[in-house]
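What's in coords-v8.cif: mmCIF, C-alpha atoms
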data_target
#
loop_
_atom_site.label_atom_id
_atom_site.label_comp_id
_atom_site.auth_asym_id
_atom_site.auth_seq_id
_atom_site.Cartn_x
_atom_site.Cartn_y
_atom_site.Cartn_z
CA MET A 1 13.71 36.24 10.60
CA SER A 2 11.39 36.08 7.60
CA LYS A 3 8.07 34.33 7.36
CA ASP A 4 7.70 31.29 5.15
CA THR A 5 5.87 31.88 1.90
CA VAL A 6 2.34 30.58 1.61
CA LYS A 7 2.35 27.37 -0.43
CA THR A 8 -1.40 27.06 -0.88
CA ALA A 9 -3.93 29.20 -2.65
CA ILE A 10 -7.69 28.98 -3.05
CA ASP A 11 -8.71 28.00 -6.58
CA SER A 12 -11.76 29.39 -8.34
CA ASP A 13 -13.68 26.19 -7.52
CA GLY A 14 -12.99 26.67 -3.79
CA LEU A 15 -10.30 24.02 -3.33
CA ARG A 16 -7.21 25.04 -1.40
CA TYR A 17 -4.82 22.10 -1.63
CA LEU A 18 -3.56 20.76 -4.91
CA SER A 19 -1.28 18.03 -3.53
CA LYS A 20 -3.15 16.97 -0.40
CA THR A 21 -4.36 13.39 -0.43
CA PRO A 22 -8.10 13.04 0.15
CA GLY A 23 -9.55 11.32 3.17
CA SER A 24 -8.85 11.09 6.85
CA PRO A 25 -5.49 10.08 8.34
CA PHE A 26 -7.40 7.80 10.74
CA GLY A 27 -8.79 5.47 8.08
CA SER A 28 -12.38 4.74 7.28
CA ALA A 29 -14.84 4.67 10.12
CA GLY A 30 -17.36 2.66 8.13
CA THR A 31 -16.85 -0.49 10.15
CA HIS A 32 -16.69 -0.53 13.91
CA SER A 33 -13.48 -2.59 14.00
CA ALA A 34 -11.60 -0.09 11.82
CA ALA A 35 -12.45 2.86 14.06
CA THR A 36 -9.73 4.54 16.10
CA MET A 37 -10.03 6.49 19.29
CA SER A 38 -7.53 8.49 21.28
CA CYS A 39 -6.07 7.30 24.56
CA PHE A 40 -7.16 9.46 27.47
CA LEU A 41 -3.65 9.41 28.96
CA CYS A 42 -1.23 9.79 26.01
CA GLY A 43 -3.62 11.19 23.37
CA LYS A 44 -2.41 8.90 20.54
CA HIS A 45 -4.99 7.36 18.22
CA ARG A 46 -5.17 3.59 18.55
CA ALA A 47 -7.41 0.87 17.19
CA ARG A 48 -10.19 0.05 19.61
CA SER A 49 -8.67 -3.42 20.08
CA GLN A 50 -5.56 -1.76 21.57
CA LEU A 51 -7.57 0.17 24.18
CA LYS A 52 -9.24 -0.79 27.45
CA THR A 53 -11.59 1.09 29.73
CA ARG A 54 -10.34 2.35 33.06
CA LYS A 55 -12.10 4.41 35.68
CA LEU A 56 -10.42 7.85 35.76
CA LEU A 57 -11.79 11.01 37.35
CA GLY A 58 -15.06 9.26 38.14
CA LYS A 59 -15.77 8.18 34.54
CA SER A 60 -14.78 5.24 32.38
CA GLN A 61 -12.11 6.37 29.93
CA LEU A 62 -10.36 4.51 27.11
CA VAL A 63 -6.61 4.06 27.70
CA CYS A 64 -3.87 2.03 26.02
CA ALA A 65 -3.68 -1.62 27.02
CA PRO A 66 -1.51 -2.79 28.80
CA THR A 67 0.10 0.67 29.23
CA CYS A 68 1.00 3.49 26.85
CA ASN A 69 4.76 2.83 27.07
CA GLU A 70 4.48 -0.97 26.73
CA LEU A 71 2.15 -0.68 23.73
CA GLU A 72 4.52 1.80 22.05
CA GLU A 73 7.45 -0.63 22.55
CA GLN A 74 5.41 -3.50 21.10
CA LEU A 75 4.47 -1.45 18.04
CA ARG A 76 8.07 -0.34 17.49
CA SER A 77 9.40 -3.91 17.73
CA THR A 78 6.87 -5.22 15.17
CA LYS A 79 7.66 -2.56 12.55
CA PRO A 80 10.16 -3.69 9.88
#

Show this structure as structure tokens.
Amino acid sequence: MSKDTVKTAIDSDGLRYLSKTPGSPFGSAGTHSAATMSCFLCGKHRARSQLKTRKLLGKSQLVCAPTCNELEEQLRSTKP
């Protein structure tokens, strides 16, 4: 079994990736409504409007609303 070849190299100006798109995969966090947070139970990043607080382990944690599985089904059914 051989190792994959390294596809990136550090340029003289310090940049490593030539084809990587700039920015965050979670969108801009400039406005509060565009922010995402991860669900405490499933770990997936969701918009804050898709999360609710629930008391878990003695603290209020953000979890998917209504549940992780139901929200995933809703999102799959709305995708084209």

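Atom CA of Ser77 of chain A is found 20.1 Å from atom CA of Arg48 of chain A.
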
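In this model, the gap between atom CA of Lys44 of chain A and atom CA of Gly58 of chain A comes to 21.7 Å.
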
Check your understanding: What separation in Å, quoted to one decimal, exists between atom CA of Val63 of chain A and atom CA of Ser38 of chain A?
Key -> 7.9 Å

Exercise for review: Can you work out which one of A:Cys39, A:Lys79, A:Ser49, A:Asp13 has the shortest atom-to-atom distance to Leu62 of chain A, counting all atoms listed in the file?
Suggested key: A:Cys39

**Study point:** Residue with smallest distance to Arg46 of chain A - pool A:Glu70, A:Gly14, A:Arg76, A:Ala65, counting all atoms listed in the file
**Key:** A:Ala65

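Excluding Gln61 of chain A and any residue on its chain fewer than 2 positions from it, the residues at most 12 Å away by all atoms listed in the file are A:Met37, A:Ser38, A:Cys39, A:Phe40, A:Leu41, A:Gly43, A:Leu51, A:Lys52, A:Thr53, A:Arg54, A:Lys55, A:Leu56, A:Leu57, A:Gly58, A:Lys59, A:Val63, A:Cys64, A:Ala65.
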
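The shortest atom-to-atom distance to Cys42 of chain A, with all atoms listed in the file taken into account, belongs to A:Asn69 out of A:Asp11, A:Leu75, A:Asn69, A:Ser60.
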
Kindly compute an axis-aligned box around the listed atoms of segment 57-62 of chain A, allowing 6 Å on each side, and express its centre and edge lengths in Å to one decimal as lines of an AutoDock Vina configuration file.
center_x = -13.1
center_y = 7.8
center_z = 32.6
size_x = 17.4
size_y = 18.5
size_z = 23.0
